[in-house]
Structures are given as C-alpha cells and as structure tokens.
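**Q** Got a structure for you, final_25.pdb, holding PDB, C-alpha atoms.
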```pdb
ATOM      1  CA  THR Z1285     -20.136  80.698 -76.730  1.00  0.00           C
ATOM      2  CA  ALA Z1286     -17.050  82.411 -75.302  1.00  0.00           C
ATOM      3  CA  PHE Z1287     -18.970  82.945 -72.043  1.00  0.00           C
ATOM      4  CA  MET Z1288     -19.773  79.237 -71.922  1.00  0.00           C
ATOM      5  CA  PHE Z1289     -16.078  78.381 -72.575  1.00  0.00           C
ATOM      6  CA  ILE Z1290     -15.043  80.496 -69.601  1.00  0.00           C
ATOM      7  CA  ILE Z1291     -17.719  79.187 -67.239  1.00  0.00           C
ATOM      8  CA  GLY Z1292     -16.933  75.589 -68.240  1.00  0.00           C
ATOM      9  CA  GLY Z1293     -13.237  76.227 -67.577  1.00  0.00           C
ATOM     10  CA  LEU Z1294     -13.967  77.937 -64.256  1.00  0.00           C
ATOM     11  CA  MET Z1295     -16.048  74.944 -63.193  1.00  0.00           C
ATOM     12  CA  LEU Z1296     -13.041  72.681 -63.820  1.00  0.00           C
ATOM     13  CA  VAL Z1297     -10.771  75.025 -61.864  1.00  0.00           C
ATOM     14  CA  LYS Z1298     -13.236  75.234 -58.965  1.00  0.00           C
ATOM     15  CA  ILE Z1299     -13.797  71.471 -58.789  1.00  0.00           C
ATOM     16  CA  PHE Z1300     -10.044  70.922 -58.423  1.00  0.00           C
ATOM     17  CA  GLN Z1301      -9.630  73.926 -56.120  1.00  0.00           C
ATOM     18  CA  ASN Z1302     -12.127  72.547 -53.579  1.00  0.00           C
ATOM     19  CA  ARG Z1303      -9.697  69.867 -52.384  1.00  0.00           C
ATOM     20  CA  HIS Z1304      -6.410  71.349 -53.654  1.00  0.00           C
ATOM     21  CA  PRO Z1305      -6.497  75.094 -52.842  1.00  0.00           C
ATOM     22  CA  GLU Z1306      -2.707  75.336 -53.018  1.00  0.00           C
ATOM     23  CA  LEU Z1307      -2.398  73.774 -56.477  1.00  0.00           C
ATOM     24  CA  HIS Z1308      -5.124  75.295 -58.672  1.00  0.00           C
ATOM     25  CA  ALA Z1309      -4.278  77.750 -61.473  1.00  0.00           C
ATOM     26  CA  SER Z1310      -4.084  81.434 -60.580  1.00  0.00           C
ATOM     27  CA  SER Z1311      -6.628  83.826 -62.099  1.00  0.00           C
ATOM     28  CA  VAL Z1312      -3.952  85.236 -64.448  1.00  0.00           C
ATOM     29  CA  VAL Z1313      -3.007  81.782 -65.759  1.00  0.00           C
ATOM     30  CA  ALA Z1314      -6.645  80.643 -66.018  1.00  0.00           C
ATOM     31  CA  PHE Z1315      -7.883  83.652 -67.986  1.00  0.00           C
ATOM     32  CA  PHE Z1316      -4.780  83.674 -70.186  1.00  0.00           C
ATOM     33  CA  ALA Z1317      -5.589  80.042 -71.030  1.00  0.00           C
ATOM     34  CA  PHE Z1318      -9.198  81.009 -71.829  1.00  0.00           C
ATOM     35  CA  SER Z1319      -8.002  83.793 -74.143  1.00  0.00           C
ATOM     36  CA  VAL Z1320      -5.726  81.340 -75.974  1.00  0.00           C
ATOM     37  CA  VAL Z1321      -8.628  78.875 -76.361  1.00  0.00           C
ATOM     38  CA  ILE Z1322     -10.898  81.609 -77.746  1.00  0.00           C
ATOM     39  CA  PHE Z1323      -8.137  82.777 -80.132  1.00  0.00           C
ATOM     40  CA  PHE Z1324      -7.610  79.262 -81.512  1.00  0.00           C
ATOM     41  CA  THR Z1325     -11.371  78.809 -81.770  1.00  0.00           C
ATOM     42  CA  LEU Z1326     -11.510  81.981 -83.858  1.00  0.00           C
ATOM     43  CA  LEU Z1327      -8.788  80.568 -86.109  1.00  0.00           C
ATOM     44  CA  GLY Z1328     -10.798  77.351 -86.342  1.00  0.00           C
ATOM     45  CA  ILE Z1329     -13.904  79.251 -87.475  1.00  0.00           C
ATOM     46  CA  TRP Z1330     -11.907  81.259 -90.026  1.00  0.00           C
ATOM     47  CA  PHE Z1331     -10.045  78.344 -91.634  1.00  0.00           C
ATOM     48  CA  ASP Z1332     -12.743  75.717 -91.076  1.00  0.00           C
ATOM     49  CA  MET Z1333     -14.660  77.022 -94.087  1.00  0.00           C
ATOM     50  CA  ARG Z1334     -11.730  76.412 -96.439  1.00  0.00           C
ATOM     51  CA  ASN Z1335     -10.210  73.078 -95.487  1.00  0.00           C
ATOM     52  CA  PRO Z1336     -12.179  71.746 -92.504  1.00  0.00           C
ATOM     53  CA  VAL Z1337     -10.617  68.294 -92.141  1.00  0.00           C
ATOM     54  CA  ALA Z1338      -6.966  69.434 -92.303  1.00  0.00           C
ATOM     55  CA  VAL Z1339      -7.533  72.459 -90.075  1.00  0.00           C
ATOM     56  CA  ARG Z1340      -9.452  70.464 -87.479  1.00  0.00           C
ATOM     57  CA  CYS Z1341      -6.771  67.756 -87.423  1.00  0.00           C
ATOM     58  CA  VAL Z1342      -4.076  70.359 -86.648  1.00  0.00           C
ATOM     59  CA  LEU Z1343      -6.075  72.374 -84.095  1.00  0.00           C
ATOM     60  CA  PHE Z1344      -7.571  69.326 -82.393  1.00  0.00           C
ATOM     61  CA  PHE Z1345      -4.106  67.750 -82.149  1.00  0.00           C
ATOM     62  CA  ILE Z1346      -2.970  70.880 -80.292  1.00  0.00           C
ATOM     63  CA  ALA Z1347      -6.104  70.795 -78.111  1.00  0.00           C
ATOM     64  CA  ILE Z1348      -5.824  67.129 -77.135  1.00  0.00           C
ATOM     65  CA  THR Z1349      -2.088  67.519 -76.428  1.00  0.00           C
ATOM     66  CA  VAL Z1350      -2.811  70.402 -74.037  1.00  0.00           C
ATOM     67  CA  VAL Z1351      -5.651  68.456 -72.375  1.00  0.00           C
ATOM     68  CA  ILE Z1352      -3.442  65.411 -71.785  1.00  0.00           C
ATOM     69  CA  ILE Z1353      -0.588  67.574 -70.418  1.00  0.00           C
ATOM     70  CA  PHE Z1354      -2.995  69.191 -67.935  1.00  0.00           C
ATOM     71  CA  LEU Z1355      -4.475  65.820 -66.932  1.00  0.00           C
ATOM     72  CA  VAL Z1356      -1.024  64.320 -66.309  1.00  0.00           C
ATOM     73  CA  SER Z1357      -0.009  67.457 -64.395  1.00  0.00           C
ATOM     74  CA  PHE Z1358      -3.112  67.328 -62.160  1.00  0.00           C
ATOM     75  CA  TYR Z1359      -2.678  63.587 -61.684  1.00  0.00           C
ATOM     76  CA  HIS Z1360       0.757  64.197 -60.177  1.00  0.00           C
ATOM     77  CA  PHE Z1361      -0.291  67.391 -58.352  1.00  0.00           C
ATOM     78  CA  HIS Z1362       1.798  69.466 -60.828  1.00  0.00           C
ATOM     79  CA  ARG Z1363       4.933  67.440 -59.991  1.00  0.00           C
ATOM     80  CA  LEU Z1364       5.689  65.516 -63.165  1.00  0.00           C
ATOM     81  CA  THR Z1365       7.367  62.508 -61.627  1.00  0.00           C
ATOM     82  CA  PHE Z1366       5.957  59.090 -60.879  1.00  0.00           C
ATOM     83  CA  CYS Z1367       7.772  58.967 -57.524  1.00  0.00           C
ATOM     84  CA  ALA Z1368       6.864  62.387 -56.165  1.00  0.00           C
ATOM     85  CA  LYS Z1369       4.848  61.252 -53.162  1.00  0.00           C
ATOM     86  CA  PRO Z1370       3.966  57.905 -51.568  1.00  0.00           C
ATOM     87  CA  MET Z1371       0.295  57.161 -52.067  1.00  0.00           C
ATOM     88  CA  ASN Z1372      -2.162  54.535 -50.973  1.00  0.00           C
ATOM     89  CA  LYS Z1373      -2.229  51.944 -53.779  1.00  0.00           C
ATOM     90  CA  ASN Z1374      -6.007  51.858 -54.188  1.00  0.00           C
ATOM     91  CA  TRP Z1375      -6.265  55.663 -54.089  1.00  0.00           C
ATOM     92  CA  HIS Z1376      -3.483  55.950 -56.691  1.00  0.00           C
ATOM     93  CA  LYS Z1377      -5.307  53.452 -58.920  1.00  0.00           C
ATOM     94  CA  CYS Z1378      -8.564  55.421 -58.556  1.00  0.00           C
ATOM     95  CA  ARG Z1379      -6.854  58.625 -59.693  1.00  0.00           C
ATOM     96  CA  PHE Z1380      -5.230  56.781 -62.608  1.00  0.00           C
ATOM     97  CA  TRP Z1381      -8.574  55.544 -63.946  1.00  0.00           C
ATOM     98  CA  LYS Z1382     -10.279  58.896 -63.346  1.00  0.00           C
ATOM     99  CA  PHE Z1383      -7.776  60.796 -65.480  1.00  0.00           C
ATOM    100  CA  SER Z1384      -7.366  58.005 -68.057  1.00  0.00           C
ATOM    101  CA  ILE Z1385     -11.119  57.957 -68.732  1.00  0.00           C
ATOM    102  CA  ALA Z1386     -11.080  61.770 -69.039  1.00  0.00           C
ATOM    103  CA  ALA Z1387      -8.263  61.580 -71.605  1.00  0.00           C
ATOM    104  CA  ALA Z1388     -10.064  58.845 -73.587  1.00  0.00           C
ATOM    105  CA  MET Z1389     -13.328  60.829 -73.528  1.00  0.00           C
ATOM    106  CA  SER Z1390     -11.550  63.983 -74.741  1.00  0.00           C
ATOM    107  CA  LEU Z1391      -9.869  62.036 -77.543  1.00  0.00           C
ATOM    108  CA  LEU Z1392     -13.233  60.560 -78.602  1.00  0.00           C
ATOM    109  CA  ILE Z1393     -14.791  64.049 -78.751  1.00  0.00           C
ATOM    110  CA  VAL Z1394     -11.903  65.263 -80.918  1.00  0.00           C
ATOM    111  CA  ILE Z1395     -12.277  62.300 -83.299  1.00  0.00           C
ATOM    112  CA  LEU Z1396     -16.029  62.912 -83.577  1.00  0.00           C
ATOM    113  CA  GLY Z1397     -15.331  66.608 -84.220  1.00  0.00           C
ATOM    114  CA  ILE Z1398     -13.188  65.657 -87.208  1.00  0.00           C
ATOM    115  CA  ALA Z1399     -15.533  62.946 -88.487  1.00  0.00           C
ATOM    116  CA  LEU Z1400     -18.674  65.103 -88.165  1.00  0.00           C
ATOM    117  CA  HIS Z1401     -17.160  68.316 -89.563  1.00  0.00           C
ATOM    118  CA  LYS Z1402     -20.203  68.871 -91.797  1.00  0.00           C
ATOM    119  CA  SER Z1403     -22.738  68.847 -88.951  1.00  0.00           C
ATOM    120  CA  LEU Z1404     -20.721  70.056 -85.928  1.00  0.00           C
ATOM    121  CA  ASP Z1405     -19.127  73.493 -86.178  1.00  0.00           C
ATOM    122  CA  PHE Z1406     -15.713  74.041 -84.592  1.00  0.00           C
ATOM    123  CA  PRO Z1407     -16.789  76.170 -81.558  1.00  0.00           C
ATOM    124  CA  THR Z1408     -19.446  73.604 -80.628  1.00  0.00           C
ATOM    125  CA  VAL Z1409     -16.853  70.817 -80.490  1.00  0.00           C
ATOM    126  CA  ILE Z1410     -14.565  72.897 -78.250  1.00  0.00           C
ATOM    127  CA  LEU Z1411     -17.539  73.753 -76.036  1.00  0.00           C
ATOM    128  CA  ILE Z1412     -18.471  70.055 -75.769  1.00  0.00           C
ATOM    129  CA  LEU Z1413     -14.856  69.338 -74.801  1.00  0.00           C
ATOM    130  CA  PHE Z1414     -15.027  71.890 -71.965  1.00  0.00           C
ATOM    131  CA  LEU Z1415     -18.473  71.034 -70.615  1.00  0.00           C
ATOM    132  CA  SER Z1416     -18.113  67.254 -70.889  1.00  0.00           C
ATOM    133  CA  ASN Z1417     -14.878  67.343 -68.862  1.00  0.00           C
ATOM    134  CA  ALA Z1418     -16.471  69.645 -66.291  1.00  0.00           C
ATOM    135  CA  GLY Z1419     -19.489  67.324 -66.018  1.00  0.00           C
ATOM    136  CA  TYR Z1420     -17.297  64.232 -65.841  1.00  0.00           C
ATOM    137  CA  PHE Z1421     -15.116  65.523 -62.990  1.00  0.00           C
ATOM    138  CA  LEU Z1422     -18.191  66.817 -61.176  1.00  0.00           C
ATOM    139  CA  VAL Z1423     -19.744  63.321 -61.286  1.00  0.00           C
ATOM    140  CA  TRP Z1424     -16.504  61.868 -59.880  1.00  0.00           C
ATOM    141  CA  TYR Z1425     -16.489  64.510 -57.145  1.00  0.00           C
ATOM    142  CA  ILE Z1426     -20.070  63.711 -56.119  1.00  0.00           C
ATOM    143  CA  ALA Z1427     -19.373  59.959 -56.201  1.00  0.00           C
ATOM    144  CA  LEU Z1428     -16.355  60.337 -53.906  1.00  0.00           C
ATOM    145  CA  LYS Z1429     -18.297  62.573 -51.516  1.00  0.00           C
ATOM    146  CA  LEU Z1430     -20.968  59.883 -51.275  1.00  0.00           C
ATOM    147  CA  TYR Z1431     -18.321  57.173 -50.877  1.00  0.00           C
ATOM    148  CA  HIS Z1432     -16.770  59.015 -47.920  1.00  0.00           C
ATOM    149  CA  LYS Z1433     -20.260  59.745 -46.482  1.00  0.00           C
ATOM    150  CA  GLU Z1434     -19.659  63.483 -46.211  1.00  0.00           C
ATOM    151  CA  PRO Z1435     -22.502  65.698 -44.916  1.00  0.00           C
ATOM    152  CA  TRP Z1436     -24.664  67.786 -47.283  1.00  0.00           C
ATOM    153  CA  THR Z1437     -26.733  70.939 -46.825  1.00  0.00           C
ATOM    154  CA  ILE Z1438     -30.126  71.558 -48.450  1.00  0.00           C
ATOM    155  CA  THR Z1439     -28.907  73.955 -51.177  1.00  0.00           C
ATOM    156  CA  PRO Z1440     -26.680  71.481 -53.108  1.00  0.00           C
ATOM    157  CA  LEU Z1441     -29.487  68.930 -52.887  1.00  0.00           C
ATOM    158  CA  ILE Z1442     -31.986  71.256 -54.591  1.00  0.00           C
ATOM    159  CA  LEU Z1443     -29.695  72.753 -57.245  1.00  0.00           C
ATOM    160  CA  PRO Z1444     -29.181  69.493 -59.253  1.00  0.00           C
ATOM    161  CA  VAL Z1445     -32.939  69.379 -59.846  1.00  0.00           C
ATOM    162  CA  VAL Z1446     -32.876  73.009 -60.977  1.00  0.00           C
ATOM    163  CA  PHE Z1447     -29.952  72.699 -63.389  1.00  0.00           C
ATOM    164  CA  GLY Z1448     -31.143  69.291 -64.599  1.00  0.00           C
ATOM    165  CA  VAL Z1449     -34.492  70.736 -65.702  1.00  0.00           C
ATOM    166  CA  LEU Z1450     -32.799  73.786 -67.232  1.00  0.00           C
ATOM    167  CA  TRP Z1451     -30.322  71.655 -69.199  1.00  0.00           C
ATOM    168  CA  LEU Z1452     -33.099  69.437 -70.572  1.00  0.00           C
ATOM    169  CA  MET Z1453     -35.113  72.478 -71.679  1.00  0.00           C
ATOM    170  CA  ALA Z1454     -32.015  74.137 -73.153  1.00  0.00           C
ATOM    171  CA  LEU Z1455     -31.043  71.073 -75.194  1.00  0.00           C
ATOM    172  CA  LYS Z1456     -34.577  70.814 -76.546  1.00  0.00           C
ATOM    173  CA  TYR Z1457     -34.198  74.267 -78.096  1.00  0.00           C
ATOM    174  CA  TYR Z1458     -30.566  73.686 -79.123  1.00  0.00           C
ATOM    175  CA  PHE Z1459     -31.535  70.783 -81.393  1.00  0.00           C
ATOM    176  CA  SER Z1460     -34.367  72.818 -82.914  1.00  0.00           C
ATOM    177  CA  ASN Z1461     -32.327  74.644 -85.564  1.00  0.00           C
ATOM    178  CA  VAL Z1462     -33.688  77.989 -86.759  1.00  0.00           C
ATOM    179  CA  SER Z1463     -30.547  79.166 -88.590  1.00  0.00           C
ATOM    180  CA  ASN Z1464     -27.253  77.880 -89.962  1.00  0.00           C
ATOM    181  CA  TRP Z1465     -24.302  80.198 -90.520  1.00  0.00           C
ATOM    182  CA  GLN Z1466     -22.481  77.497 -92.526  1.00  0.00           C
ATOM    183  CA  VAL Z1467     -24.873  77.812 -95.509  1.00  0.00           C
ATOM    184  CA  THR Z1468     -25.961  80.728 -97.675  1.00  0.00           C
ATOM    185  CA  PRO Z1469     -28.199  83.440 -96.147  1.00  0.00           C
ATOM    186  CA  ALA Z1470     -31.129  82.275 -98.290  1.00  0.00           C
ATOM    187  CA  GLU Z1471     -30.781  78.669 -97.094  1.00  0.00           C
ATOM    188  CA  SER Z1472     -30.427  79.836 -93.487  1.00  0.00           C
ATOM    189  CA  ARG Z1473     -33.606  81.945 -93.751  1.00  0.00           C
ATOM    190  CA  GLY Z1474     -35.442  78.814 -94.893  1.00  0.00           C
ATOM    191  CA  LEU Z1475     -34.846  77.359 -91.410  1.00  0.00           C
ATOM    192  CA  ASN Z1476     -36.332  80.365 -89.615  1.00  0.00           C
ATOM    193  CA  LYS Z1477     -39.412  79.843 -87.453  1.00  0.00           C
ATOM    194  CA  LYS Z1478     -41.845  82.175 -85.773  1.00  0.00           C
ATOM    195  CA  CYS Z1479     -40.580  83.835 -82.586  1.00  0.00           C
ATOM    196  CA  ILE Z1480     -42.032  82.082 -79.567  1.00  0.00           C
ATOM    197  CA  VAL Z1481     -41.491  84.553 -76.676  1.00  0.00           C
ATOM    198  CA  PHE Z1482     -42.895  88.113 -76.795  1.00  0.00           C
ATOM    199  CA  ASP Z1483     -42.966  87.785 -80.580  1.00  0.00           C
ATOM    200  CA  PHE Z1484     -39.253  88.641 -80.475  1.00  0.00           C
ATOM    201  CA  TYR Z1485     -37.154  85.727 -79.125  1.00  0.00           C
ATOM    202  CA  ASP Z1486     -36.803  82.543 -81.178  1.00  0.00           C
ATOM    203  CA  ASN Z1487     -35.676  78.990 -80.340  1.00  0.00           C
ATOM    204  CA  HIS Z1488     -31.987  79.835 -80.500  1.00  0.00           C
ATOM    205  CA  ASP Z1489     -32.445  82.770 -78.115  1.00  0.00           C
ATOM    206  CA  MET Z1490     -34.193  80.429 -75.693  1.00  0.00           C
ATOM    207  CA  TRP Z1491     -31.230  78.030 -75.945  1.00  0.00           C
ATOM    208  CA  HIS Z1492     -28.896  80.828 -74.856  1.00  0.00           C
ATOM    209  CA  PHE Z1493     -31.161  81.989 -72.006  1.00  0.00           C
ATOM    210  CA  LEU Z1494     -31.723  78.487 -70.648  1.00  0.00           C
ATOM    211  CA  ALA Z1495     -28.152  77.226 -71.178  1.00  0.00           C
ATOM    212  CA  THR Z1496     -26.594  80.195 -69.384  1.00  0.00           C
ATOM    213  CA  SER Z1497     -29.106  79.768 -66.552  1.00  0.00           C
ATOM    214  CA  ALA Z1498     -28.260  76.045 -66.389  1.00  0.00           C
ATOM    215  CA  ILE Z1499     -24.534  76.786 -66.285  1.00  0.00           C
ATOM    216  CA  PHE Z1500     -25.091  79.372 -63.539  1.00  0.00           C
ATOM    217  CA  ALA Z1501     -27.094  76.864 -61.460  1.00  0.00           C
ATOM    218  CA  THR Z1502     -24.415  74.201 -62.057  1.00  0.00           C
ATOM    219  CA  PHE Z1503     -21.681  76.587 -60.958  1.00  0.00           C
ATOM    220  CA  MET Z1504     -23.675  77.529 -57.842  1.00  0.00           C
ATOM    221  CA  PHE Z1505     -23.926  73.811 -57.075  1.00  0.00           C
ATOM    222  CA  ILE Z1506     -20.125  73.492 -57.286  1.00  0.00           C
ATOM    223  CA  LEU Z1507     -19.684  76.554 -55.040  1.00  0.00           C
ATOM    224  CA  THR Z1508     -22.003  75.156 -52.364  1.00  0.00           C
ATOM    225  CA  ILE Z1509     -21.307  71.429 -52.642  1.00  0.00           C
ATOM    226  CA  ASP Z1510     -18.953  71.415 -49.634  1.00  0.00           C
ATOM    227  CA  ASP Z1511     -21.020  73.687 -47.364  1.00  0.00           C
ATOM    228  CA  GLY Z1512     -21.724  70.649 -45.200  1.00  0.00           C
ATOM    229  CA  LEU Z1513     -18.017  70.560 -44.268  1.00  0.00           C
ATOM    230  CA  ALA Z1514     -18.014  74.116 -42.861  1.00  0.00           C
ATOM    231  CA  HIS Z1515     -17.621  72.869 -39.288  1.00  0.00           C
ATOM    232  CA  THR Z1516     -15.388  69.890 -40.095  1.00  0.00           C
ATOM    233  CA  SER Z1517     -11.725  70.011 -39.093  1.00  0.00           C
ATOM    234  CA  ARG Z1518      -9.416  70.287 -42.109  1.00  0.00           C
ATOM    235  CA  GLU Z1519      -7.518  67.193 -40.981  1.00  0.00           C
ATOM    236  CA  LYS Z1520     -10.712  65.143 -41.343  1.00  0.00           C
ATOM    237  CA  ILE Z1521     -11.575  66.345 -44.876  1.00  0.00           C
ATOM    238  CA  HIS Z1522     -10.706  63.766 -47.528  1.00  0.00           C
ATOM    239  CA  VAL Z1523      -8.455  64.790 -50.423  1.00  0.00           C
ATOM    240  CA  PHE Z1524      -9.470  63.406 -53.831  1.00  0.00           C
TER     241      PHE Z1524
END
```
Just give me the structure of the file as structure tokens.
**A**
Amino acid sequence: TAFMFIIGGLMLVKIFQNRHPELHASSVVAFFAFSVVIFFTLLGIWFDMRNPVAVRCVLFFIAITVVIIFLVSFYHFHRLTFCAKPMNKNWHKCRFWKFSIAAAMSLLIVILGIALHKSLDFPTVILILFLSNAGYFLVWYIALKLYHKEPWTITPLILPVVFGVLWLMALKYYFSNVSNWQVTPAESRGLNKKCIVFDFYDNHDMWHFLATSAIFATFMFILTIDDGLAHTSREKIHVF
C-alpha cells in the first residue's frame, strides 16, 4: 500500500511537472511528504481500531486541509495571491473549475471514509484519495491535449488499453475478499479461498500483482504522453 501511495503521488508530481518544470516539488520535498503521509496512515491504523469515527475526523481534517492548500498553491503557481499574473479570462476560469472539482472530489472521499468506517479501512481511503486525484488530473491533461490538437506517438496510444485491462482485472480480485484483518483470525480464515495460481497465490496476491502492473503502465503512459512534442519548439507548447 505504501508503494501505491508513492506511485500515486509521483504521478501527480509528474503530471504537473510536464508543463511546469520550474514549479514542481523537489525530490526531497516530495519524498518527505510521502513519509509524512505514511506516518499518519500508520497512526490511523493504530487508533482506528479504538475510536474510528473520532480518529478519522481528526486525521481526515488534516488530510483535506493539506490537499486544499496544495490545490490553491498549484492554482496560483505557488504564488498565493489572486493578482500574481495576468491571465486569459477563459483559461483562468478553466483552472478554477479544474481545481475546485478536485477539492470537492477529495472532500467527498473523506466524508465517505468517515461514513463507511466499518467497511473501508483507513489506508484504503488514503489510497483512493491519492489515485483518484492522479486519475482526475490525468483525464484533464488528456482532454486539454486533445483540445489543443497536440501530436501523439504510438506508445501513449497503446498504453491506455494495457493499463485499462490491468485495472479491470485488478479490481475484480480486489473486491473478492479472502481475508479481513479487522476481524478475529478465526473469522478471517472463514473468508479464505483456494489459491488460484501455482497453488500458492490467492486472490489478494493477484490484486497486488495486477494493481502494481497497472500503476506501472499508467506511470509509463504519463512519462511518454508528450513524446509527440519532442520536435516542437518550447514557445509553441501550451501551458495548462
């Protein structure tokens, strides 16, 4: 799960870095932020068993505050003033809605994490928060590339099919529960099923294999999405 946190965060950093190489977080800042997220997730797991609603309210309040601060910061290119730079009105409005929807989506995930505390464990909610934001900004990025009619190469056209199939297969195994660490060992064993690969790997193992492969393919898509602009002058590349 920690690996998936980091890859989800790196996808967000890379998506923003593609068009704003001078503004993205440094590796030190990014990995320090990941370590803080993992530390608070550990606290969430530890205290979630004792008073889940109160603990989640406190930790999710911290999480959503940090998310909104980052969104506002990125909206203003890290210059927290509404008059930092003259912008085209329509472009400014587009950015406003993009980040507003992201903030609303993050808040909804947090609320669902509190409401569904009996069925959604704390790390899963944080992971959903990471991956949903990464997916959301990736969709925006693709939409704006299509809007500006930017050229594509063959690799980023094939990879969405690859990671789409992998994600569908991974989610199939994710929702096929074969254990539950939130109940007693005896109750968890009652969910066990026969291993399906080499008589050794079960459904949950397949979720990890397929999900990590899907994340890798998604990240490769982000790394290659702008290969079509390799021979385009920097002055002609749109910033969004």
**Q** Expand the PyMOL selection byres ((chain Z and resi 1286-1288) around 9) into the individual residues it matches in the shown file, reporting them as a list in words.
**A**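 That expression, the PyMOL selection byres ((chain Z and resi 1286-1288) around 9), corresponds here to Thr1285, Phe1289, Ile1290, Ile1291, Gly1292, Gly1293, Phe1318, Ile1322, Pro1407, Leu1411, Phe1414, Leu1415, Ala1495, Thr1496 and Ile1499 of chain Z.
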**Q** Using only C-alpha atoms, which of Z:Phe1421, Z:Phe1484, Z:Tyr1458, Z:Phe1447 sits nearest Lys1298 of chain Z?
**A**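 Selected residue with least distance to Lys1298 of chain Z: Z:Phe1421.
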**Q** In Å, rounded to a single decimal, give me how far atom CA of Pro1435 of chain Z is from atom CA of Leu1513 of chain Z.
**A**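 Taking atom CA of Leu1513 of chain Z and atom CA of Pro1435 of chain Z, their separation equals 6.6 Å.
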**Q** Can you translate the PyMOL selection byres ((chain Z and resi 1428) around 12) into the concrete residues it hits in this file, as a PyMOL selection string?
**A** chain Z and resi 1303+1375+1378-1379+1382+1421-1427+1429-1434+1521-1524
**Q** What is the distance between atom CA of Leu1400 of chain Z and atom CA of Trp1330 of chain Z, in Å to one decimal?
**A**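 Here the two named atoms are 17.6 Å from each other.
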**Q** Just give me the gap between atom CA of Asn1302 of chain Z and atom CA of Leu1392 of chain Z in Å, one decimal is fine.
**A**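 Distance between the two atoms: 27.8 Å.
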**Q** Could you spell out the hits of the PyMOL selection byres ((chain Z and resi 1390) around 8) on the shown file, as a ChimeraX atom specification?
**A** /Z:1348,1351,1386-1389,1391-1394,1413,1417
**Q** Measuring between only C-alpha atoms, which one of Z:Val1462, Z:Ile1509, Z:Val1356, Z:Leu1452 shows the shortest distance to Lys1477 of chain Z?
**A**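 Using only C-alpha atoms, the shortest distance to Lys1477 of chain Z belongs to Z:Val1462.
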**Q** Just checking: using all atoms listed in the file, which residue out of Z:His1304, Z:Lys1478, Z:Phe1505, Z:Tyr1457 ends up closest to Phe1493 of chain Z?
**A**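 Closest candidate: Z:Tyr1457.
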**Q** Which of these, Z:Asp1405, Z:Ala1399, Z:Ile1506, Z:Pro1305, has the shortest distance to Gly1328 of chain Z once you count all atoms listed in the file?
**A** Z:Asp1405
**Q** Show me, as a PyMOL selection string, the residues that have an atom within 12 Å of Leu1396 of chain Z when counting all atoms listed in the file, minus same-chain residues fewer than 6 positions from it.
**A** chain Z and resi 1337+1340-1341+1344+1389-1390+1402-1406+1408-1410+1412-1413
